[in-house]
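Colleague: Pasting data-v5.pdb here (PDB, C-alpha atoms, pLDDT in the B column):
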ATOM      1  CA  MET J  14      -1.141   5.642  21.302  1.00 93.00           C
ATOM      2  CA  ASN J  15       2.062   7.654  21.112  1.00 94.00           C
ATOM      3  CA  ASN J  16       3.159  10.638  23.207  1.00 95.00           C
ATOM      4  CA  HIS J  17       0.870  12.886  21.092  1.00 96.00           C
ATOM      5  CA  ASN J  18      -2.100  10.734  22.145  1.00 97.00           C
ATOM      6  CA  THR J  19      -2.571   9.565  18.553  1.00 97.00           C
ATOM      7  CA  LEU J  20      -2.145   6.175  16.911  1.00 97.00           C
ATOM      8  CA  PHE J  21       1.463   5.246  16.097  1.00 97.00           C
ATOM      9  CA  GLY J  22       2.076   5.655  12.360  1.00 97.00           C
ATOM     10  CA  GLY J  23       3.957   2.366  12.251  1.00 97.00           C
ATOM     11  CA  LYS J  24       1.014   0.535  13.786  1.00 97.00           C
ATOM     12  CA  LEU J  25      -1.286   1.985  11.114  1.00 98.00           C
ATOM     13  CA  MET J  26       1.244   0.992   8.431  1.00 98.00           C
ATOM     14  CA  ALA J  27       1.108  -2.609   9.680  1.00 98.00           C
ATOM     15  CA  TYR J  28      -2.701  -2.558   9.466  1.00 98.00           C
ATOM     16  CA  ILE J  29      -2.440  -1.116   5.945  1.00 98.00           C
ATOM     17  CA  ASP J  30      -0.117  -3.931   4.816  1.00 98.00           C
ATOM     18  CA  ASP J  31      -2.411  -6.533   6.397  1.00 98.00           C
ATOM     19  CA  ILE J  32      -5.572  -5.306   4.671  1.00 98.00           C
ATOM     20  CA  ALA J  33      -3.793  -4.723   1.347  1.00 98.00           C
ATOM     21  CA  SER J  34      -2.480  -8.301   1.342  1.00 98.00           C
ATOM     22  CA  ILE J  35      -6.019  -9.578   1.878  1.00 98.00           C
ATOM     23  CA  ALA J  36      -7.273  -7.540  -1.101  1.00 98.00           C
ATOM     24  CA  ALA J  37      -4.405  -8.778  -3.299  1.00 98.00           C
ATOM     25  CA  THR J  38      -4.983 -12.393  -2.253  1.00 98.00           C
ATOM     26  CA  LYS J  39      -8.726 -12.181  -2.921  1.00 98.00           C
ATOM     27  CA  HIS J  40      -8.108 -10.619  -6.345  1.00 98.00           C
ATOM     28  CA  SER J  41      -5.469 -13.135  -7.428  1.00 98.00           C
ATOM     29  CA  ARG J  42      -6.645 -16.163  -5.411  1.00 98.00           C
ATOM     30  CA  CYS J  43      -2.929 -16.846  -4.863  1.00 97.00           C
ATOM     31  CA  SER J  44      -0.376 -16.326  -2.165  1.00 98.00           C
ATOM     32  CA  VAL J  45       1.077 -12.830  -2.391  1.00 98.00           C
ATOM     33  CA  VAL J  46       4.118 -10.948  -1.166  1.00 98.00           C
ATOM     34  CA  THR J  47       4.511  -7.237  -0.625  1.00 98.00           C
ATOM     35  CA  ALA J  48       6.863  -5.956  -3.320  1.00 96.00           C
ATOM     36  CA  SER J  49       6.794  -2.348  -2.121  1.00 95.00           C
ATOM     37  CA  THR J  50       4.976   0.160  -0.034  1.00 97.00           C
ATOM     38  CA  ASP J  51       4.797   2.879  -2.652  1.00 96.00           C
ATOM     39  CA  SER J  52       3.341   5.620  -0.471  1.00 96.00           C
ATOM     40  CA  VAL J  53       1.654   6.247   2.830  1.00 98.00           C
ATOM     41  CA  ASP J  54       0.218   9.698   3.363  1.00 98.00           C
ATOM     42  CA  PHE J  55      -0.943  10.516   6.882  1.00 98.00           C
ATOM     43  CA  LEU J  56      -3.651  13.149   6.427  1.00 98.00           C
ATOM     44  CA  SER J  57      -5.151  13.471   9.892  1.00 98.00           C
ATOM     45  CA  PRO J  58      -4.341  11.897  13.268  1.00 97.00           C
ATOM     46  CA  VAL J  59      -6.223   8.941  14.722  1.00 98.00           C
ATOM     47  CA  ARG J  60      -7.403   9.824  18.232  1.00 97.00           C
ATOM     48  CA  PRO J  61      -8.511   7.557  21.107  1.00 97.00           C
ATOM     49  CA  THR J  62     -12.204   8.405  20.507  1.00 96.00           C
ATOM     50  CA  ASP J  63     -11.988   7.380  16.820  1.00 98.00           C
ATOM     51  CA  SER J  64     -13.073   4.162  15.214  1.00 98.00           C
ATOM     52  CA  VAL J  65     -10.853   3.272  12.260  1.00 98.00           C
ATOM     53  CA  CYS J  66     -11.992   1.767   8.968  1.00 98.00           C
ATOM     54  CA  LEU J  67      -9.521   0.460   6.388  1.00 98.00           C
ATOM     55  CA  GLU J  68     -10.749  -0.217   2.850  1.00 98.00           C
ATOM     56  CA  ALA J  69      -8.476  -1.837   0.275  1.00 98.00           C
ATOM     57  CA  TYR J  70      -8.861  -2.876  -3.326  1.00 97.00           C
ATOM     58  CA  VAL J  71      -6.722  -3.679  -6.340  1.00 98.00           C
ATOM     59  CA  THR J  72      -6.580  -0.676  -8.669  1.00 98.00           C
ATOM     60  CA  TRP J  73      -4.270  -1.964 -11.408  1.00 97.00           C
ATOM     61  CA  THR J  74      -2.475  -5.136 -12.457  1.00 97.00           C
ATOM     62  CA  GLY J  75       0.589  -6.008 -14.435  1.00 96.00           C
ATOM     63  CA  ARG J  76       1.345  -9.589 -15.371  1.00 97.00           C
ATOM     64  CA  SER J  77       1.903 -10.844 -11.821  1.00 98.00           C
ATOM     65  CA  SER J  78       1.916  -7.584  -9.877  1.00 97.00           C
ATOM     66  CA  MET J  79      -0.997  -5.700  -8.366  1.00 98.00           C
ATOM     67  CA  GLU J  80      -1.284  -2.129  -7.167  1.00 98.00           C
ATOM     68  CA  VAL J  81      -3.467  -1.958  -4.065  1.00 98.00           C
ATOM     69  CA  PHE J  82      -5.030   1.247  -2.749  1.00 98.00           C
ATOM     70  CA  VAL J  83      -5.854   1.567   0.933  1.00 98.00           C
ATOM     71  CA  LYS J  84      -8.114   4.279   2.295  1.00 98.00           C
ATOM     72  CA  VAL J  85      -8.121   4.815   6.052  1.00 98.00           C
ATOM     73  CA  SER J  86     -11.072   6.710   7.469  1.00 98.00           C
ATOM     74  CA  THR J  87     -11.931   7.574  11.038  1.00 98.00           C
ATOM     75  CA  GLU J  88     -15.143   8.338  12.809  1.00 98.00           C
ATOM     76  CA  ASP J  89     -15.181  10.174  16.107  1.00 97.00           C
ATOM     77  CA  LEU J  90     -17.412   7.940  18.206  1.00 97.00           C
ATOM     78  CA  LEU J  91     -18.733  10.879  20.219  1.00 96.00           C
ATOM     79  CA  SER J  92     -19.478  13.404  17.455  1.00 97.00           C
ATOM     80  CA  GLY J  93     -19.901  11.109  14.424  1.00 98.00           C
ATOM     81  CA  ARG J  94     -17.504  13.275  12.398  1.00 98.00           C
ATOM     82  CA  ARG J  95     -15.666  11.280   9.702  1.00 98.00           C
ATOM     83  CA  LYS J  96     -12.309  12.056   8.097  1.00 98.00           C
ATOM     84  CA  ILE J  97      -9.855  10.459   5.711  1.00 98.00           C
ATOM     85  CA  ALA J  98      -6.905   9.742   7.995  1.00 98.00           C
ATOM     86  CA  ALA J  99      -4.505   8.213   5.451  1.00 98.00           C
ATOM     87  CA  THR J 100      -4.140   6.887   1.937  1.00 98.00           C
ATOM     88  CA  SER J 101      -1.628   4.353   0.718  1.00 98.00           C
ATOM     89  CA  PHE J 102      -0.509   2.513  -2.404  1.00 98.00           C
ATOM     90  CA  LEU J 103       1.287  -0.820  -2.184  1.00 98.00           C
ATOM     91  CA  THR J 104       2.464  -3.318  -4.780  1.00 98.00           C
ATOM     92  CA  PHE J 105       2.053  -7.071  -4.377  1.00 98.00           C
ATOM     93  CA  VAL J 106       3.195 -10.011  -6.493  1.00 98.00           C
ATOM     94  CA  ALA J 107       1.146 -13.213  -6.803  1.00 98.00           C
ATOM     95  CA  LEU J 108       3.054 -16.460  -6.344  1.00 98.00           C
ATOM     96  CA  ASN J 109       2.348 -20.102  -7.134  1.00 97.00           C
ATOM     97  CA  ALA J 110       3.053 -23.003  -4.761  1.00 96.00           C
ATOM     98  CA  GLU J 111       6.722 -23.020  -5.869  1.00 97.00           C
ATOM     99  CA  GLY J 112       7.100 -19.313  -5.066  1.00 97.00           C
ATOM    100  CA  LYS J 113       7.214 -18.219  -8.701  1.00 98.00           C
ATOM    101  CA  PRO J 114       5.255 -15.197  -9.988  1.00 98.00           C
ATOM    102  CA  VAL J 115       1.975 -16.069 -11.685  1.00 98.00           C
ATOM    103  CA  GLN J 116      -0.380 -14.099 -13.908  1.00 98.00           C
ATOM    104  CA  VAL J 117      -3.222 -12.254 -12.190  1.00 98.00           C
ATOM    105  CA  PRO J 118      -6.650 -11.218 -13.480  1.00 98.00           C
ATOM    106  CA  GLN J 119      -7.066  -7.710 -14.822  1.00 97.00           C
ATOM    107  CA  VAL J 120      -8.931  -5.066 -12.871  1.00 96.00           C
ATOM    108  CA  VAL J 121     -12.445  -4.043 -13.864  1.00 95.00           C
ATOM    109  CA  PRO J 122     -13.117  -0.709 -12.133  1.00 96.00           C
ATOM    110  CA  GLU J 123     -16.737  -0.206 -11.118  1.00 95.00           C
ATOM    111  CA  SER J 124     -17.151   2.907  -8.971  1.00 96.00           C
ATOM    112  CA  GLU J 125     -16.114   6.451  -9.861  1.00 97.00           C
ATOM    113  CA  GLU J 126     -13.319   6.234  -7.264  1.00 96.00           C
ATOM    114  CA  GLU J 127     -12.075   2.954  -8.777  1.00 96.00           C
ATOM    115  CA  ARG J 128     -12.181   4.395 -12.308  1.00 97.00           C
ATOM    116  CA  LYS J 129     -10.158   7.469 -11.274  1.00 97.00           C
ATOM    117  CA  LEU J 130      -7.512   5.311  -9.585  1.00 97.00           C
ATOM    118  CA  PHE J 131      -7.390   2.963 -12.590  1.00 97.00           C
ATOM    119  CA  GLU J 132      -6.991   5.864 -15.039  1.00 97.00           C
ATOM    120  CA  THR J 133      -4.054   7.284 -13.072  1.00 97.00           C
ATOM    121  CA  ALA J 134      -2.353   3.924 -12.427  1.00 96.00           C
ATOM    122  CA  ASP J 135      -0.016   3.947 -15.440  1.00 94.00           C
ATOM    123  CA  ALA J 136       1.715   7.098 -14.176  1.00 96.00           C
ATOM    124  CA  ARG J 137       2.177   5.544 -10.722  1.00 95.00           C
ATOM    125  CA  ALA J 138       3.521   2.336 -12.307  1.00 94.00           C
ATOM    126  CA  GLU J 139       6.115   4.361 -14.230  1.00 95.00           C
ATOM    127  CA  MET J 140       7.152   6.182 -11.043  1.00 94.00           C
ATOM    128  CA  ARG J 141       7.540   2.798  -9.293  1.00 94.00           C
ATOM    129  CA  ARG J 142       9.682   1.501 -12.161  1.00 93.00           C
ATOM    130  CA  LEU J 143      11.974   4.558 -12.010  1.00 96.00           C
ATOM    131  CA  ARG J 144      12.213   4.437  -8.210  1.00 94.00           C
ATOM    132  CA  ARG J 145      13.045   0.702  -8.286  1.00 93.00           C
ATOM    133  CA  GLU J 146      15.790   1.361 -10.860  1.00 96.00           C
ATOM    134  CA  GLN J 147      17.213   4.160  -8.693  1.00 96.00           C
ATOM    135  CA  SER J 148      17.100   1.902  -5.641  1.00 95.00           C
ATOM    136  CA  ARG J 149      18.985  -0.856  -7.469  1.00 94.00           C
ATOM    137  CA  ASN J 150      21.627   1.625  -8.640  1.00 96.00           C
ATOM    138  CA  PHE J 151      21.962   3.022  -5.140  1.00 95.00           C
ATOM    139  CA  ALA J 152      22.258  -0.485  -3.665  1.00 96.00           C
ATOM    140  CA  ASP J 153      25.322  -1.051  -5.863  1.00 95.00           C
ATOM    141  CA  VAL J 154      27.272   1.548  -3.840  1.00 95.00           C
ATOM    142  CA  LEU J 155      26.128   0.346  -0.413  1.00 95.00           C
ATOM    143  CA  THR J 156      28.208  -2.020   1.665  1.00 94.00           C
ATOM    144  CA  THR J 157      27.151  -5.045   3.655  1.00 94.00           C
ATOM    145  CA  THR J 158      29.797  -4.461   6.302  1.00 94.00           C
ATOM    146  CA  PHE J 159      28.382  -3.928   9.781  1.00 94.00           C
ATOM    147  CA  PRO J 160      29.579  -0.774  11.599  1.00 92.00           C
ATOM    148  CA  TRP J 161      31.386  -2.821  14.263  1.00 94.00           C
ATOM    149  CA  GLU J 162      33.396  -4.645  11.568  1.00 93.00           C
ATOM    150  CA  THR J 163      35.269  -1.544  10.353  1.00 77.00           C
TER     151      THR J 163
END
Once you've parsed the file, please lay out its structure as structure tokens.
Modeller:
Amino acid sequence: MNNHNTLFGGKLMAYIDDIASIAATKHSRCSVVTASTDSVDFLSPVRPTDSVCLEAYVTWTGRSSMEVFVKVSTEDLLSGRRKIAATSFLTFVALNAEGKPVQVPQVVPESEEERKLFETADARAEMRRLRREQSRNFADVLTTTFPWET
């Protein structure tokens, strides 16, 4: 817990990456690497009396990439009240034994939640593409000199 008596956001982010990598590995049946954490939205704090449930599944695939959605819910152990504490989208790439990207199976959405996420995935994929391009352009103007070397 942090000084607000809530779970550290960074600790939750680590759990999110862990569970998302499991979902991506199960979907692809390959080793995977995190290509990006596209978003993490903290919606309500996690308190000491809460149990935490993380649910992850692949919502969309490219050739070798997979978008994974993670839903974090809490349940107050004393009252039974449940809340969505956070949502997150991450992108993973499946790799073969030589570390090269490999093709992954397509997603077949089943539930209403899965269908909604699948239908809105193309727009998120385009935003990721634009953000990655902006990041590469920005990296061109950054230096690799450490502050103590100037």
Colleague: So what do you get for atom CA of J:Gln116 versus atom CA of J:Gln147, distance-wise?
Modeller: 25.9 Å
Colleague: So which residues touch stretch 35-42 of chain J within 8 Å, counting only C-alpha atoms, skipping near sequence neighbours fewer than 5 positions away, as a count of residues only?
Modeller: 9
Colleague: Near J:Thr62, counting only C-alpha atoms, which residues have an atom at most 6 Å away, once you skip same-chain residues fewer than 2 positions from it, shown as a list of chain:residue names?
Modeller: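 The filter keeps J:Arg60, J:Asp89, J:Leu90.
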Colleague: Mind telling me what the PyMOL selection byres ((chain J and resi 31) around 12) catches here, as a CSV table (one decimal) with C-alpha atoms, keeping the file's coordinate frame?
Modeller:
chain,number,residue,atom,x,y,z
J,24,LYS,CA,1.0,0.5,13.8
J,25,LEU,CA,-1.3,2.0,11.1
J,26,MET,CA,1.2,1.0,8.4
J,27,ALA,CA,1.1,-2.6,9.7
J,28,TYR,CA,-2.7,-2.6,9.5
J,29,ILE,CA,-2.4,-1.1,5.9
J,30,ASP,CA,-0.1,-3.9,4.8
J,32,ILE,CA,-5.6,-5.3,4.7
J,33,ALA,CA,-3.8,-4.7,1.3
J,34,SER,CA,-2.5,-8.3,1.3
J,35,ILE,CA,-6.0,-9.6,1.9
J,36,ALA,CA,-7.3,-7.5,-1.1
J,37,ALA,CA,-4.4,-8.8,-3.3
J,38,THR,CA,-5.0,-12.4,-2.3
J,45,VAL,CA,1.1,-12.8,-2.4
J,46,VAL,CA,4.1,-10.9,-1.2
J,47,THR,CA,4.5,-7.2,-0.6
J,50,THR,CA,5.0,0.2,0.0
J,67,LEU,CA,-9.5,0.5,6.4
J,68,GLU,CA,-10.7,-0.2,2.8
J,69,ALA,CA,-8.5,-1.8,0.3
J,81,VAL,CA,-3.5,-2.0,-4.1
J,83,VAL,CA,-5.9,1.6,0.9
J,103,LEU,CA,1.3,-0.8,-2.2
J,105,PHE,CA,2.1,-7.1,-4.4
Colleague: Expanded to explicit residues, what is the PyMOL selection byres ((chain J and resi 66) around 7) for this file, as a PyMOL selection string?
Modeller: chain J and resi 64-65+67-68+85-87
Colleague: Rounded to one decimal place, report the atom CA of J:Asn150-atom CA of J:Trp73 distance in Å.
Modeller: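 Those two atoms sit 26.3 Å apart.
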Colleague: Can you sort out the box for stretch 118-132 of chain J, edges along x, y and z, all listed atoms in, 8 Å on every side, with centre and edge lengths in Å to one decimal, as AutoDock Vina command-line options?
Modeller:
--center_x -11.9 --center_y -1.9 --center_z -11.2 --size_x 26.5 --size_y 34.7 --size_z 23.8
Colleague: Enter the distance from atom CA of J:Arg141 to atom CA of J:Ala110, in Å, rounded to one decimal.
Modeller: 26.6 Å
Colleague: Give me the result of the PyMOL selection byres ((chain J and resi 56) around 9) on this file, residue by residue, as number ranges by chain.
Modeller: J: 54-55, 57-58, 96-100
Colleague: Between J:Cys43, J:Asp51, J:Gly93, J:Ser124, which residue has the minimum interatomic distance to J:Glu139, considering all atoms listed in the file?
Modeller: J:Asp51
Colleague: For J:Pro122, work out the shell of residues within 8 Å, counting all atoms listed in the file and skipping chain neighbours fewer than 3 positions away, then give it as a compact mmCIF listing (two decimals) with C-alpha atoms, keeping the file's coordinate frame.
Modeller:
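Saved file selection_6.txt follows:
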# COMPACT_ATOMS: atom_id res chain seq x y z
CA THR J 72 -6.58 -0.68 -8.67
CA GLU J 127 -12.08 2.95 -8.78
CA ARG J 128 -12.18 4.39 -12.31
CA PHE J 131 -7.39 2.96 -12.59
Colleague: Find the spatial neighbours of J:Asn18, counting all atoms listed in the file, within a cut-off of 9 Å - ignore same-chain residues fewer than 4 positions away - and output them as a ChimeraX atom specification.
Modeller: /J:14,59-61
Colleague: In terms of the shortest atom-to-atom distance over all atoms listed in the file, which of J:Pro114, J:Val121, J:Arg94, J:Thr104 is closest to J:Arg76?
Modeller: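 Of J:Pro114, J:Val121, J:Arg94, J:Thr104, the one nearest J:Arg76, counting all atoms listed in the file, is J:Pro114.
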Colleague: What would stretch 18-29 of chain J look like with all heavy atoms restored, written as a short mmCIF file (atom, residue, chain, number, x, y, z; two decimals), keeping the file's coordinate frame?
Modeller:
data_model
loop_
_atom_site.label_atom_id
_atom_site.label_comp_id
_atom_site.auth_asym_id
_atom_site.auth_seq_id
_atom_site.Cartn_x
_atom_site.Cartn_y
_atom_site.Cartn_z
N ASN J 18 -0.78 11.31 21.92
CA ASN J 18 -2.10 10.73 22.14
C ASN J 18 -2.83 10.45 20.83
O ASN J 18 -4.03 10.64 20.70
CB ASN J 18 -2.96 11.62 23.06
CG ASN J 18 -4.02 10.80 23.78
OD1 ASN J 18 -3.83 9.63 24.06
ND2 ASN J 18 -5.15 11.42 24.07
N THR J 19 -2.04 10.00 19.84
CA THR J 19 -2.57 9.56 18.55
C THR J 19 -1.98 8.20 18.23
O THR J 19 -0.98 7.78 18.82
CB THR J 19 -2.22 10.56 17.43
OG1 THR J 19 -0.81 10.66 17.30
CG2 THR J 19 -2.83 11.93 17.70
N LEU J 20 -2.60 7.51 17.29
CA LEU J 20 -2.14 6.18 16.91
C LEU J 20 -0.75 6.25 16.30
O LEU J 20 -0.46 7.13 15.48
CB LEU J 20 -3.12 5.57 15.89
CG LEU J 20 -2.83 4.15 15.42
CD1 LEU J 20 -2.98 3.15 16.57
CD2 LEU J 20 -3.79 3.77 14.30
N PHE J 21 0.13 5.33 16.70
CA PHE J 21 1.46 5.25 16.10
C PHE J 21 1.33 5.03 14.59
O PHE J 21 0.57 4.17 14.14
CB PHE J 21 2.24 4.06 16.67
CG PHE J 21 2.97 4.34 17.94
CD1 PHE J 21 2.45 3.90 19.15
CD2 PHE J 21 4.18 5.01 17.93
CE1 PHE J 21 3.12 4.15 20.33
CE2 PHE J 21 4.86 5.26 19.11
CZ PHE J 21 4.34 4.84 20.32
N GLY J 22 2.09 5.81 13.81
CA GLY J 22 2.08 5.66 12.36
C GLY J 22 2.50 4.27 11.92
O GLY J 22 1.93 3.70 10.99
N GLY J 23 3.49 3.71 12.60
CA GLY J 23 3.96 2.37 12.25
C GLY J 23 2.91 1.30 12.49
O GLY J 23 2.82 0.32 11.74
N LYS J 24 2.11 1.47 13.52
CA LYS J 24 1.01 0.54 13.79
C LYS J 24 -0.02 0.60 12.65
O LYS J 24 -0.47 -0.42 12.15
CB LYS J 24 0.36 0.87 15.13
CG LYS J 24 -0.78 -0.02 15.51
CD LYS J 24 -0.36 -1.44 15.74
CE LYS J 24 -0.08 -1.69 17.19
NZ LYS J 24 0.18 -3.11 17.47
N LEU J 25 -0.35 1.83 12.23
CA LEU J 25 -1.29 1.98 11.11
C LEU J 25 -0.70 1.39 9.84
O LEU J 25 -1.41 0.75 9.06
CB LEU J 25 -1.65 3.45 10.91
CG LEU J 25 -2.71 3.74 9.85
CD1 LEU J 25 -4.01 2.99 10.14
CD2 LEU J 25 -2.97 5.23 9.75
N MET J 26 0.60 1.56 9.62
CA MET J 26 1.24 0.99 8.43
C MET J 26 1.13 -0.53 8.44
O MET J 26 0.93 -1.14 7.38
CB MET J 26 2.70 1.44 8.35
CG MET J 26 2.83 2.92 8.01
SD MET J 26 4.50 3.56 8.17
CE MET J 26 5.33 2.70 6.85
N ALA J 27 1.26 -1.15 9.60
CA ALA J 27 1.11 -2.61 9.68
C ALA J 27 -0.32 -3.02 9.32
O ALA J 27 -0.52 -4.00 8.58
CB ALA J 27 1.47 -3.10 11.08
N TYR J 28 -1.31 -2.27 9.82
CA TYR J 28 -2.70 -2.56 9.47
C TYR J 28 -2.91 -2.41 7.96
O TYR J 28 -3.63 -3.19 7.33
CB TYR J 28 -3.66 -1.62 10.19
CG TYR J 28 -3.72 -1.76 11.69
CD1 TYR J 28 -4.00 -0.65 12.48
CD2 TYR J 28 -3.51 -2.98 12.33
CE1 TYR J 28 -4.08 -0.76 13.87
CE2 TYR J 28 -3.57 -3.09 13.71
CZ TYR J 28 -3.86 -1.97 14.47
OH TYR J 28 -3.93 -2.07 15.83
N ILE J 29 -2.32 -1.37 7.39
CA ILE J 29 -2.44 -1.12 5.94
C ILE J 29 -1.88 -2.29 5.15
O ILE J 29 -2.51 -2.78 4.21
CB ILE J 29 -1.74 0.21 5.56
CG1 ILE J 29 -2.57 1.40 6.07
CG2 ILE J 29 -1.49 0.30 4.06
CD1 ILE J 29 -1.86 2.75 5.98
#
